[in-house]
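The next block is coords28.pdb, given as PDB, N, CA and C atoms.
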```
ATOM      1  N   THR U   1     -65.352 -29.336 147.015
ATOM      2  CA  THR U   1     -66.021 -28.102 146.646
ATOM      3  C   THR U   1     -66.272 -27.288 147.905
ATOM      4  N   ALA U   2     -65.815 -26.063 147.864
ATOM      5  CA  ALA U   2     -66.101 -25.130 148.952
ATOM      6  C   ALA U   2     -67.178 -24.181 148.424
ATOM      7  N   SER U   3     -66.997 -22.890 148.579
ATOM      8  CA  SER U   3     -68.010 -21.917 148.186
ATOM      9  C   SER U   3     -67.420 -20.530 148.331
ATOM     10  N   MET U   4     -68.005 -19.559 147.649
ATOM     11  CA  MET U   4     -67.621 -18.171 147.888
ATOM     12  C   MET U   4     -67.915 -17.803 149.343
ATOM     13  N   ALA U   5     -68.822 -18.531 149.967
ATOM     14  CA  ALA U   5     -69.121 -18.301 151.382
ATOM     15  C   ALA U   5     -67.904 -18.554 152.260
ATOM     16  N   ALA U   6     -66.919 -19.276 151.733
ATOM     17  CA  ALA U   6     -65.676 -19.506 152.472
ATOM     18  C   ALA U   6     -64.759 -18.297 152.431
ATOM     19  N   LEU U   7     -64.944 -17.442 151.427
ATOM     20  CA  LEU U   7     -64.022 -16.334 151.192
ATOM     21  C   LEU U   7     -64.574 -14.977 151.587
ATOM     22  N   THR U   8     -65.855 -14.922 151.941
ATOM     23  CA  THR U   8     -66.479 -13.660 152.314
ATOM     24  C   THR U   8     -67.494 -13.913 153.427
ATOM     25  N   ALA U   9     -67.840 -12.875 154.129
ATOM     26  CA  ALA U   9     -68.818 -13.020 155.215
ATOM     27  C   ALA U   9     -70.172 -13.461 154.665
ATOM     28  N   THR U  10     -70.848 -14.320 155.394
ATOM     29  CA  THR U  10     -72.157 -14.817 154.990
ATOM     30  C   THR U  10     -73.156 -14.641 156.130
ATOM     31  N   PRO U  11     -73.578 -13.399 156.365
ATOM     32  CA  PRO U  11     -74.497 -13.158 157.486
ATOM     33  C   PRO U  11     -75.842 -13.867 157.332
ATOM     34  N   PHE U  12     -76.226 -14.237 156.101
ATOM     35  CA  PHE U  12     -77.487 -14.947 155.887
ATOM     36  C   PHE U  12     -77.410 -16.397 156.339
ATOM     37  N   ASP U  13     -76.185 -16.947 156.473
ATOM     38  CA  ASP U  13     -76.009 -18.320 156.944
ATOM     39  C   ASP U  13     -74.582 -18.512 157.459
ATOM     40  N   PRO U  14     -74.284 -17.962 158.647
ATOM     41  CA  PRO U  14     -72.912 -18.005 159.156
ATOM     42  C   PRO U  14     -72.383 -19.412 159.422
ATOM     43  N   ILE U  15     -73.246 -20.353 159.753
ATOM     44  CA  ILE U  15     -72.792 -21.731 159.986
ATOM     45  C   ILE U  15     -72.295 -22.342 158.680
ATOM     46  N   TYR U  16     -73.032 -22.118 157.601
ATOM     47  CA  TYR U  16     -72.599 -22.600 156.282
ATOM     48  C   TYR U  16     -71.258 -21.972 155.920
ATOM     49  N   GLY U  17     -71.135 -20.656 156.102
ATOM     50  CA  GLY U  17     -69.891 -19.962 155.789
ATOM     51  C   GLY U  17     -68.722 -20.501 156.599
ATOM     52  N   ALA U  18     -68.944 -20.761 157.870
ATOM     53  CA  ALA U  18     -67.882 -21.291 158.723
ATOM     54  C   ALA U  18     -67.445 -22.676 158.258
ATOM     55  N   ASN U  19     -68.396 -23.508 157.874
ATOM     56  CA  ASN U  19     -68.055 -24.847 157.381
ATOM     57  C   ASN U  19     -67.256 -24.785 156.089
ATOM     58  N   LYS U  20     -67.650 -23.915 155.194
ATOM     59  CA  LYS U  20     -66.926 -23.786 153.926
ATOM     60  C   LYS U  20     -65.553 -23.159 154.137
ATOM     61  N   ALA U  21     -65.426 -22.239 155.090
ATOM     62  CA  ALA U  21     -64.114 -21.674 155.424
ATOM     63  C   ALA U  21     -63.202 -22.773 155.982
ATOM     64  N   ALA U  22     -63.776 -23.702 156.733
ATOM     65  CA  ALA U  22     -62.993 -24.828 157.241
ATOM     66  C   ALA U  22     -62.489 -25.695 156.093
ATOM     67  N   VAL U  23     -63.301 -25.889 155.074
ATOM     68  CA  VAL U  23     -62.880 -26.669 153.904
ATOM     69  C   VAL U  23     -61.676 -25.996 153.243
ATOM     70  N   VAL U  24     -61.740 -24.680 153.068
ATOM     71  CA  VAL U  24     -60.629 -23.959 152.447
ATOM     72  C   VAL U  24     -59.372 -24.055 153.317
ATOM     73  N   GLY U  25     -59.520 -23.929 154.625
ATOM     74  CA  GLY U  25     -58.365 -24.076 155.515
ATOM     75  C   GLY U  25     -57.744 -25.457 155.409
ATOM     76  N   LEU U  26     -58.572 -26.477 155.337
ATOM     77  CA  LEU U  26     -58.085 -27.846 155.184
ATOM     78  C   LEU U  26     -57.349 -28.022 153.860
ATOM     79  N   VAL U  27     -57.920 -27.501 152.797
ATOM     80  CA  VAL U  27     -57.308 -27.602 151.467
ATOM     81  C   VAL U  27     -55.949 -26.906 151.440
ATOM     82  N   ARG U  28     -55.886 -25.729 152.051
ATOM     83  CA  ARG U  28     -54.619 -24.992 152.053
ATOM     84  C   ARG U  28     -53.536 -25.759 152.813
ATOM     85  N   GLY U  29     -53.913 -26.427 153.880
ATOM     86  CA  GLY U  29     -52.950 -27.215 154.640
ATOM     87  C   GLY U  29     -52.568 -28.508 153.941
ATOM     88  N   LEU U  30     -53.553 -29.209 153.405
ATOM     89  CA  LEU U  30     -53.281 -30.484 152.734
ATOM     90  C   LEU U  30     -52.512 -30.294 151.433
ATOM     91  N   GLY U  31     -52.730 -29.153 150.781
ATOM     92  CA  GLY U  31     -52.052 -28.910 149.505
ATOM     93  C   GLY U  31     -50.551 -29.043 149.618
ATOM     94  N   SER U  32     -49.957 -28.321 150.520
ATOM     95  CA  SER U  32     -48.503 -28.392 150.666
ATOM     96  C   SER U  32     -48.058 -29.693 151.323
ATOM     97  N   LEU U  33     -48.890 -30.252 152.161
ATOM     98  CA  LEU U  33     -48.545 -31.492 152.854
ATOM     99  C   LEU U  33     -48.355 -32.662 151.888
ATOM    100  N   HIS U  34     -49.174 -32.726 150.853
ATOM    101  CA  HIS U  34     -49.135 -33.875 149.940
ATOM    102  C   HIS U  34     -48.509 -33.569 148.581
ATOM    103  N   GLU U  35     -48.031 -32.366 148.393
ATOM    104  CA  GLU U  35     -47.433 -31.992 147.103
ATOM    105  C   GLU U  35     -46.255 -32.895 146.742
ATOM    106  N   GLN U  36     -45.417 -33.227 147.704
ATOM    107  CA  GLN U  36     -44.244 -34.077 147.448
ATOM    108  C   GLN U  36     -44.630 -35.473 146.948
ATOM    109  N   GLU U  37     -45.850 -35.892 147.269
ATOM    110  CA  GLU U  37     -46.328 -37.212 146.846
ATOM    111  C   GLU U  37     -46.966 -37.164 145.460
ATOM    112  N   GLY U  38     -47.042 -35.971 144.875
ATOM    113  CA  GLY U  38     -47.684 -35.818 143.573
ATOM    114  C   GLY U  38     -49.192 -35.706 143.666
ATOM    115  N   VAL U  39     -49.694 -35.461 144.875
ATOM    116  CA  VAL U  39     -51.137 -35.309 145.075
ATOM    117  C   VAL U  39     -51.437 -33.814 145.168
ATOM    118  N   ARG U  40     -52.357 -33.360 144.338
ATOM    119  CA  ARG U  40     -52.740 -31.954 144.353
ATOM    120  C   ARG U  40     -54.113 -31.810 144.983
ATOM    121  N   VAL U  41     -54.212 -30.932 145.972
ATOM    122  CA  VAL U  41     -55.473 -30.665 146.653
ATOM    123  C   VAL U  41     -55.787 -29.189 146.483
ATOM    124  N   ASN U  42     -56.941 -28.892 145.897
ATOM    125  CA  ASN U  42     -57.398 -27.522 145.676
ATOM    126  C   ASN U  42     -58.895 -27.454 145.960
ATOM    127  N   ALA U  43     -59.388 -26.233 146.115
ATOM    128  CA  ALA U  43     -60.818 -26.033 146.367
ATOM    129  C   ALA U  43     -61.438 -25.214 145.248
ATOM    130  N   LEU U  44     -62.665 -25.522 144.947
ATOM    131  CA  LEU U  44     -63.477 -24.772 143.993
ATOM    132  C   LEU U  44     -64.509 -24.003 144.813
ATOM    133  N   CYS U  45     -64.556 -22.686 144.638
ATOM    134  CA  CYS U  45     -65.411 -21.823 145.453
ATOM    135  C   CYS U  45     -66.402 -21.051 144.590
ATOM    136  N   PRO U  46     -67.444 -21.713 144.109
ATOM    137  CA  PRO U  46     -68.412 -21.003 143.268
ATOM    138  C   PRO U  46     -69.401 -20.173 144.086
ATOM    139  N   SER U  47     -69.902 -19.148 143.434
ATOM    140  CA  SER U  47     -71.015 -18.371 143.961
ATOM    141  C   SER U  47     -72.279 -19.206 143.713
ATOM    142  N   PHE U  48     -73.445 -18.593 143.775
ATOM    143  CA  PHE U  48     -74.688 -19.322 143.518
ATOM    144  C   PHE U  48     -74.741 -19.760 142.054
ATOM    145  N   ALA U  49     -74.831 -21.055 141.831
ATOM    146  CA  ALA U  49     -74.908 -21.602 140.478
ATOM    147  C   ALA U  49     -76.331 -22.097 140.211
ATOM    148  N   ASP U  50     -76.704 -22.087 138.965
ATOM    149  CA  ASP U  50     -78.058 -22.441 138.548
ATOM    150  C   ASP U  50     -78.261 -23.955 138.610
ATOM    151  N   THR U  51     -78.439 -24.442 139.843
ATOM    152  CA  THR U  51     -78.702 -25.865 140.069
ATOM    153  C   THR U  51     -79.939 -25.999 140.944
ATOM    154  N   ALA U  52     -80.410 -27.220 141.067
ATOM    155  CA  ALA U  52     -81.623 -27.474 141.855
ATOM    156  C   ALA U  52     -81.449 -27.132 143.327
ATOM    157  N   ILE U  53     -80.206 -27.097 143.812
ATOM    158  CA  ILE U  53     -79.985 -26.806 145.229
ATOM    159  C   ILE U  53     -80.463 -25.401 145.608
ATOM    160  N   LEU U  54     -80.558 -24.503 144.636
ATOM    161  CA  LEU U  54     -81.042 -23.146 144.932
ATOM    162  C   LEU U  54     -82.505 -23.155 145.370
ATOM    163  N   GLY U  55     -83.274 -24.077 144.840
ATOM    164  CA  GLY U  55     -84.684 -24.182 145.213
ATOM    165  C   GLY U  55     -85.404 -22.847 145.095
ATOM    166  N   GLU U  56     -86.185 -22.524 146.109
ATOM    167  CA  GLU U  56     -86.965 -21.283 146.113
ATOM    168  C   GLU U  56     -86.081 -20.040 146.181
ATOM    169  N   MET U  57     -84.849 -20.206 146.644
ATOM    170  CA  MET U  57     -83.947 -19.065 146.750
ATOM    171  C   MET U  57     -83.611 -18.477 145.377
ATOM    172  N   LYS U  58     -83.719 -19.279 144.324
ATOM    173  CA  LYS U  58     -83.408 -18.787 142.978
ATOM    174  C   LYS U  58     -84.273 -17.580 142.633
ATOM    175  N   GLY U  59     -85.557 -17.662 142.889
ATOM    176  CA  GLY U  59     -86.463 -16.556 142.598
ATOM    177  C   GLY U  59     -86.109 -15.311 143.394
ATOM    178  N   GLU U  60     -85.738 -15.511 144.654
ATOM    179  CA  GLU U  60     -85.352 -14.383 145.498
ATOM    180  C   GLU U  60     -84.072 -13.722 144.979
ATOM    181  N   LEU U  61     -83.115 -14.543 144.581
ATOM    182  CA  LEU U  61     -81.859 -14.008 144.036
ATOM    183  C   LEU U  61     -82.119 -13.221 142.755
ATOM    184  N   GLU U  62     -82.925 -13.810 141.871
ATOM    185  CA  GLU U  62     -83.242 -13.130 140.610
ATOM    186  C   GLU U  62     -83.984 -11.819 140.865
ATOM    187  N   ALA U  63     -84.929 -11.833 141.784
ATOM    188  CA  ALA U  63     -85.715 -10.628 142.086
ATOM    189  C   ALA U  63     -84.843  -9.508 142.648
ATOM    190  N   SER U  64     -83.792  -9.895 143.373
ATOM    191  CA  SER U  64     -82.901  -8.881 143.956
ATOM    192  C   SER U  64     -81.821  -8.435 142.986
ATOM    193  N   GLY U  65     -81.760  -9.086 141.804
ATOM    194  CA  GLY U  65     -80.749  -8.726 140.817
ATOM    195  C   GLY U  65     -79.406  -9.391 141.042
ATOM    196  N   PHE U  66     -79.345 -10.382 141.952
ATOM    197  CA  PHE U  66     -78.091 -11.079 142.225
ATOM    198  C   PHE U  66     -77.784 -12.016 141.051
ATOM    199  N   PRO U  67     -76.608 -11.910 140.454
ATOM    200  CA  PRO U  67     -76.297 -12.767 139.302
ATOM    201  C   PRO U  67     -76.088 -14.225 139.701
ATOM    202  N   ILE U  68     -76.618 -15.113 138.908
ATOM    203  CA  ILE U  68     -76.501 -16.551 139.154
ATOM    204  C   ILE U  68     -75.567 -17.139 138.094
ATOM    205  N   LEU U  69     -74.631 -17.960 138.550
ATOM    206  CA  LEU U  69     -73.671 -18.598 137.651
ATOM    207  C   LEU U  69     -74.328 -19.652 136.774
ATOM    208  N   GLU U  70     -73.841 -19.755 135.563
ATOM    209  CA  GLU U  70     -74.184 -20.895 134.723
ATOM    210  C   GLU U  70     -73.306 -22.066 135.189
ATOM    211  N   VAL U  71     -73.843 -23.260 135.188
ATOM    212  CA  VAL U  71     -73.090 -24.433 135.621
ATOM    213  C   VAL U  71     -71.830 -24.594 134.774
ATOM    214  N   GLU U  72     -71.914 -24.263 133.502
ATOM    215  CA  GLU U  72     -70.738 -24.411 132.632
ATOM    216  C   GLU U  72     -69.569 -23.544 133.097
ATOM    217  N   ASP U  73     -69.833 -22.416 133.758
ATOM    218  CA  ASP U  73     -68.750 -21.586 134.294
ATOM    219  C   ASP U  73     -68.032 -22.289 135.441
ATOM    220  N   VAL U  74     -68.784 -23.021 136.238
ATOM    221  CA  VAL U  74     -68.192 -23.777 137.343
ATOM    222  C   VAL U  74     -67.355 -24.930 136.775
ATOM    223  N   VAL U  75     -67.880 -25.602 135.768
ATOM    224  CA  VAL U  75     -67.153 -26.704 135.137
ATOM    225  C   VAL U  75     -65.865 -26.188 134.498
ATOM    226  N   LYS U  76     -65.939 -25.050 133.846
ATOM    227  CA  LYS U  76     -64.752 -24.454 133.210
ATOM    228  C   LYS U  76     -63.668 -24.166 134.249
ATOM    229  N   ALA U  77     -64.061 -23.625 135.390
ATOM    230  CA  ALA U  77     -63.092 -23.356 136.459
ATOM    231  C   ALA U  77     -62.507 -24.657 137.000
ATOM    232  N   PHE U  78     -63.349 -25.659 137.167
ATOM    233  CA  PHE U  78     -62.874 -26.966 137.638
ATOM    234  C   PHE U  78     -61.835 -27.537 136.679
ATOM    235  N   MET U  79     -62.111 -27.440 135.388
ATOM    236  CA  MET U  79     -61.172 -27.952 134.386
ATOM    237  C   MET U  79     -59.863 -27.155 134.423
ATOM    238  N   ALA U  80     -59.935 -25.865 134.680
ATOM    239  CA  ALA U  80     -58.722 -25.046 134.786
ATOM    240  C   ALA U  80     -57.870 -25.493 135.977
ATOM    241  N   ILE U  81     -58.531 -25.849 137.073
ATOM    242  CA  ILE U  81     -57.794 -26.372 138.232
ATOM    243  C   ILE U  81     -57.079 -27.662 137.846
ATOM    244  N   LEU U  82     -57.786 -28.550 137.160
ATOM    245  CA  LEU U  82     -57.184 -29.822 136.745
ATOM    246  C   LEU U  82     -56.021 -29.604 135.774
ATOM    247  N   ASP U  83     -56.145 -28.621 134.911
ATOM    248  CA  ASP U  83     -55.099 -28.341 133.929
ATOM    249  C   ASP U  83     -53.888 -27.640 134.542
ATOM    250  N   GLY U  84     -54.071 -27.029 135.703
ATOM    251  CA  GLY U  84     -52.992 -26.282 136.343
ATOM    252  C   GLY U  84     -52.076 -27.168 137.154
ATOM    253  N   ASP U  85     -51.176 -26.515 137.876
ATOM    254  CA  ASP U  85     -50.267 -27.263 138.730
ATOM    255  C   ASP U  85     -50.253 -26.732 140.163
ATOM    256  N   GLY U  86     -51.253 -25.936 140.500
ATOM    257  CA  GLY U  86     -51.329 -25.360 141.834
ATOM    258  C   GLY U  86     -51.696 -26.376 142.893
ATOM    259  N   VAL U  87     -51.331 -26.048 144.131
ATOM    260  CA  VAL U  87     -51.714 -26.863 145.285
ATOM    261  C   VAL U  87     -52.171 -25.930 146.401
ATOM    262  N   GLY U  88     -53.168 -26.363 147.140
ATOM    263  CA  GLY U  88     -53.652 -25.583 148.262
ATOM    264  C   GLY U  88     -54.369 -24.308 147.852
ATOM    265  N   GLU U  89     -54.868 -24.271 146.624
ATOM    266  CA  GLU U  89     -55.526 -23.064 146.116
ATOM    267  C   GLU U  89     -57.035 -23.130 146.327
ATOM    268  N   ALA U  90     -57.639 -21.958 146.465
ATOM    269  CA  ALA U  90     -59.092 -21.814 146.558
ATOM    270  C   ALA U  90     -59.521 -20.946 145.379
ATOM    271  N   TRP U  91     -60.073 -21.565 144.368
ATOM    272  CA  TRP U  91     -60.459 -20.874 143.132
ATOM    273  C   TRP U  91     -61.849 -20.270 143.262
ATOM    274  N   PHE U  92     -61.936 -18.959 143.089
ATOM    275  CA  PHE U  92     -63.233 -18.289 143.105
ATOM    276  C   PHE U  92     -63.898 -18.449 141.742
ATOM    277  N   VAL U  93     -65.226 -18.546 141.763
ATOM    278  CA  VAL U  93     -66.022 -18.609 140.532
ATOM    279  C   VAL U  93     -67.218 -17.692 140.754
ATOM    280  N   VAL U  94     -67.186 -16.543 140.113
ATOM    281  CA  VAL U  94     -68.257 -15.559 140.240
ATOM    282  C   VAL U  94     -68.637 -15.044 138.859
ATOM    283  N   PRO U  95     -69.887 -14.650 138.681
ATOM    284  CA  PRO U  95     -70.322 -14.151 137.375
ATOM    285  C   PRO U  95     -69.536 -12.907 136.960
ATOM    286  N   GLY U  96     -69.162 -12.871 135.695
ATOM    287  CA  GLY U  96     -68.542 -11.688 135.122
ATOM    288  C   GLY U  96     -67.055 -11.532 135.373
ATOM    289  N   ARG U  97     -66.422 -12.503 136.006
ATOM    290  CA  ARG U  97     -64.982 -12.431 136.256
ATOM    291  C   ARG U  97     -64.324 -13.726 135.837
ATOM    292  N   GLU U  98     -63.113 -13.612 135.342
ATOM    293  CA  GLU U  98     -62.324 -14.806 135.031
ATOM    294  C   GLU U  98     -61.985 -15.508 136.346
ATOM    295  N   SER U  99     -62.250 -16.788 136.436
ATOM    296  CA  SER U  99     -61.964 -17.553 137.653
ATOM    297  C   SER U  99     -60.468 -17.709 137.847
ATOM    298  N   GLY U 100     -60.070 -17.833 139.083
ATOM    299  CA  GLY U 100     -58.665 -18.042 139.392
ATOM    300  C   GLY U 100     -58.479 -18.258 140.868
ATOM    301  N   PRO U 101     -57.238 -18.530 141.285
ATOM    302  CA  PRO U 101     -56.984 -18.736 142.702
ATOM    303  C   PRO U 101     -57.133 -17.433 143.480
ATOM    304  N   PHE U 102     -57.827 -17.514 144.596
ATOM    305  CA  PHE U 102     -57.983 -16.358 145.472
ATOM    306  C   PHE U 102     -56.623 -16.050 146.081
ATOM    307  N   LYS U 103     -56.263 -14.782 146.120
ATOM    308  CA  LYS U 103     -54.973 -14.369 146.667
ATOM    309  C   LYS U 103     -55.151 -13.991 148.138
ATOM    310  N   PHE U 104     -54.696 -14.863 149.015
ATOM    311  CA  PHE U 104     -54.757 -14.584 150.437
ATOM    312  C   PHE U 104     -53.593 -13.664 150.812
ATOM    313  N   ARG U 105     -53.857 -12.713 151.676
ATOM    314  CA  ARG U 105     -52.775 -11.856 152.166
ATOM    315  C   ARG U 105     -51.875 -12.668 153.070
ATOM    316  N   GLY U 106     -50.628 -12.250 153.150
ATOM    317  CA  GLY U 106     -49.704 -12.906 154.059
ATOM    318  C   GLY U 106     -50.083 -12.648 155.502
ATOM    319  N   VAL U 107     -49.908 -13.642 156.315
ATOM    320  CA  VAL U 107     -50.202 -13.504 157.736
ATOM    321  C   VAL U 107     -49.040 -12.744 158.373
ATOM    322  N   PRO U 108     -49.339 -11.702 159.159
ATOM    323  CA  PRO U 108     -48.238 -10.960 159.792
ATOM    324  C   PRO U 108     -47.509 -11.831 160.801
ATOM    325  N   GLY U 109     -46.204 -11.765 160.755
ATOM    326  CA  GLY U 109     -45.385 -12.520 161.698
ATOM    327  C   GLY U 109     -44.854 -11.602 162.786
ATOM    328  N   PRO U 110     -44.055 -12.142 163.661
ATOM    329  CA  PRO U 110     -43.487 -11.320 164.732
ATOM    330  C   PRO U 110     -42.540 -10.275 164.155
ATOM    331  N   ARG U 111     -42.388  -9.211 164.890
ATOM    332  CA  ARG U 111     -41.461  -8.146 164.457
ATOM    333  C   ARG U 111     -40.079  -8.449 164.948
TER     334      ARG U 111
END
```

Take the structure in the file and write it out as structure tokens.
Amino acid sequence: TASMAALTATPFDPIYGANKAAVVGLVRGLGSLHEQEGVRVNALCPSFADTAILGEMKGELEASGFPILEVEDVVKAFMAILDGDGVGEAWFVVPGRESGPFKFRGVPGPR
């Protein structure tokens, strides 16, 4: 499990964001590395979900109008990953949008 913090800037906790970005980088590399063996490696990147880990932050998020995911939305995305055949994908899970693999832009190569 990674986090939306892996896919967007997290000025409120840059160390957390950097760690989750590392998870996504690892998943993207391992995905293609182990595909030939029939092993699929993907990441689940949920936004804030309604779990105990939110603690006191839940009230702050609600007060600011930030939408909080239902846990069932995260489970649904996880099941979609299992049902799919992708490798090295980072699936975003955010309120109000259908979950799916994040589309990374191509890295520019030499001219």

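Against the coordinates shown, the PyMOL selection byres ((chain U and resi 48-56) around 5) returns Pro46, Ser47, Met57, Lys58, Gly59, Glu60, Ile68, Leu69 and Val71 of chain U.
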
Could you write out the selected residues, including N, CA and C atoms, as a PDB file, in the coordinates of the input?
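So again.pdb came out as:
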```
ATOM      1  N   PRO U  46     -67.444 -21.713 144.109  1.00  0.00           N
ATOM      2  CA  PRO U  46     -68.412 -21.003 143.268  1.00  0.00           C
ATOM      3  C   PRO U  46     -69.401 -20.173 144.086  1.00  0.00           C
ATOM      4  N   SER U  47     -69.902 -19.148 143.434  1.00  0.00           N
ATOM      5  CA  SER U  47     -71.015 -18.371 143.961  1.00  0.00           C
ATOM      6  C   SER U  47     -72.279 -19.206 143.713  1.00  0.00           C
ATOM      7  N   MET U  57     -84.849 -20.206 146.644  1.00  0.00           N
ATOM      8  CA  MET U  57     -83.947 -19.065 146.750  1.00  0.00           C
ATOM      9  C   MET U  57     -83.611 -18.477 145.377  1.00  0.00           C
ATOM     10  N   LYS U  58     -83.719 -19.279 144.324  1.00  0.00           N
ATOM     11  CA  LYS U  58     -83.408 -18.787 142.978  1.00  0.00           C
ATOM     12  C   LYS U  58     -84.273 -17.580 142.633  1.00  0.00           C
ATOM     13  N   GLY U  59     -85.557 -17.662 142.889  1.00  0.00           N
ATOM     14  CA  GLY U  59     -86.463 -16.556 142.598  1.00  0.00           C
ATOM     15  C   GLY U  59     -86.109 -15.311 143.394  1.00  0.00           C
ATOM     16  N   GLU U  60     -85.738 -15.511 144.654  1.00  0.00           N
ATOM     17  CA  GLU U  60     -85.352 -14.383 145.498  1.00  0.00           C
ATOM     18  C   GLU U  60     -84.072 -13.722 144.979  1.00  0.00           C
ATOM     19  N   ILE U  68     -76.618 -15.113 138.908  1.00  0.00           N
ATOM     20  CA  ILE U  68     -76.501 -16.551 139.154  1.00  0.00           C
ATOM     21  C   ILE U  68     -75.567 -17.139 138.094  1.00  0.00           C
ATOM     22  N   LEU U  69     -74.631 -17.960 138.550  1.00  0.00           N
ATOM     23  CA  LEU U  69     -73.671 -18.598 137.651  1.00  0.00           C
ATOM     24  C   LEU U  69     -74.328 -19.652 136.774  1.00  0.00           C
ATOM     25  N   VAL U  71     -73.843 -23.260 135.188  1.00  0.00           N
ATOM     26  CA  VAL U  71     -73.090 -24.433 135.621  1.00  0.00           C
ATOM     27  C   VAL U  71     -71.830 -24.594 134.774  1.00  0.00           C
TER      28      VAL U  71
END
```

Original post:
U:Glu98, U:Arg111, U:Ala6, U:Gly38: which is nearest Gly25 of chain U, counting all atoms listed in the file?
Top reply: U:Ala6

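Ranking U:Ala2, U:Val41, U:Val93, U:Val74 by their shortest atom-to-atom distance to Val27 of chain U, with all atoms listed in the file included, puts U:Val41 first.
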
Build an axis-aligned box that encloses every atom of segment 33-45 of chain U listed in the file, pad it by 4 Å on each side, and report its centre and edge lengths in Å to one decimal, as AutoDock Vina command-line options.
```
--center_x -55.3 --center_y -29.1 --center_z 148.2 --size_x 30.2 --size_y 24.2 --size_z 17.3
```

Original post:
How far is it from atom CA of Asn42 of chain U to atom N of Asp73 of chain U, in Å with one decimal?
Top reply: 18.0 Å

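The interatomic distance for the pair atom C of Pro101 of chain U and atom CA of Glu89 of chain U works out to 6.4 Å.
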
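With only N, CA and C atoms as the atoms that count, the residue of U:Pro110, U:Pro95, U:Gly88, U:Glu62 with the shortest distance to Ser32 of chain U is U:Gly88.
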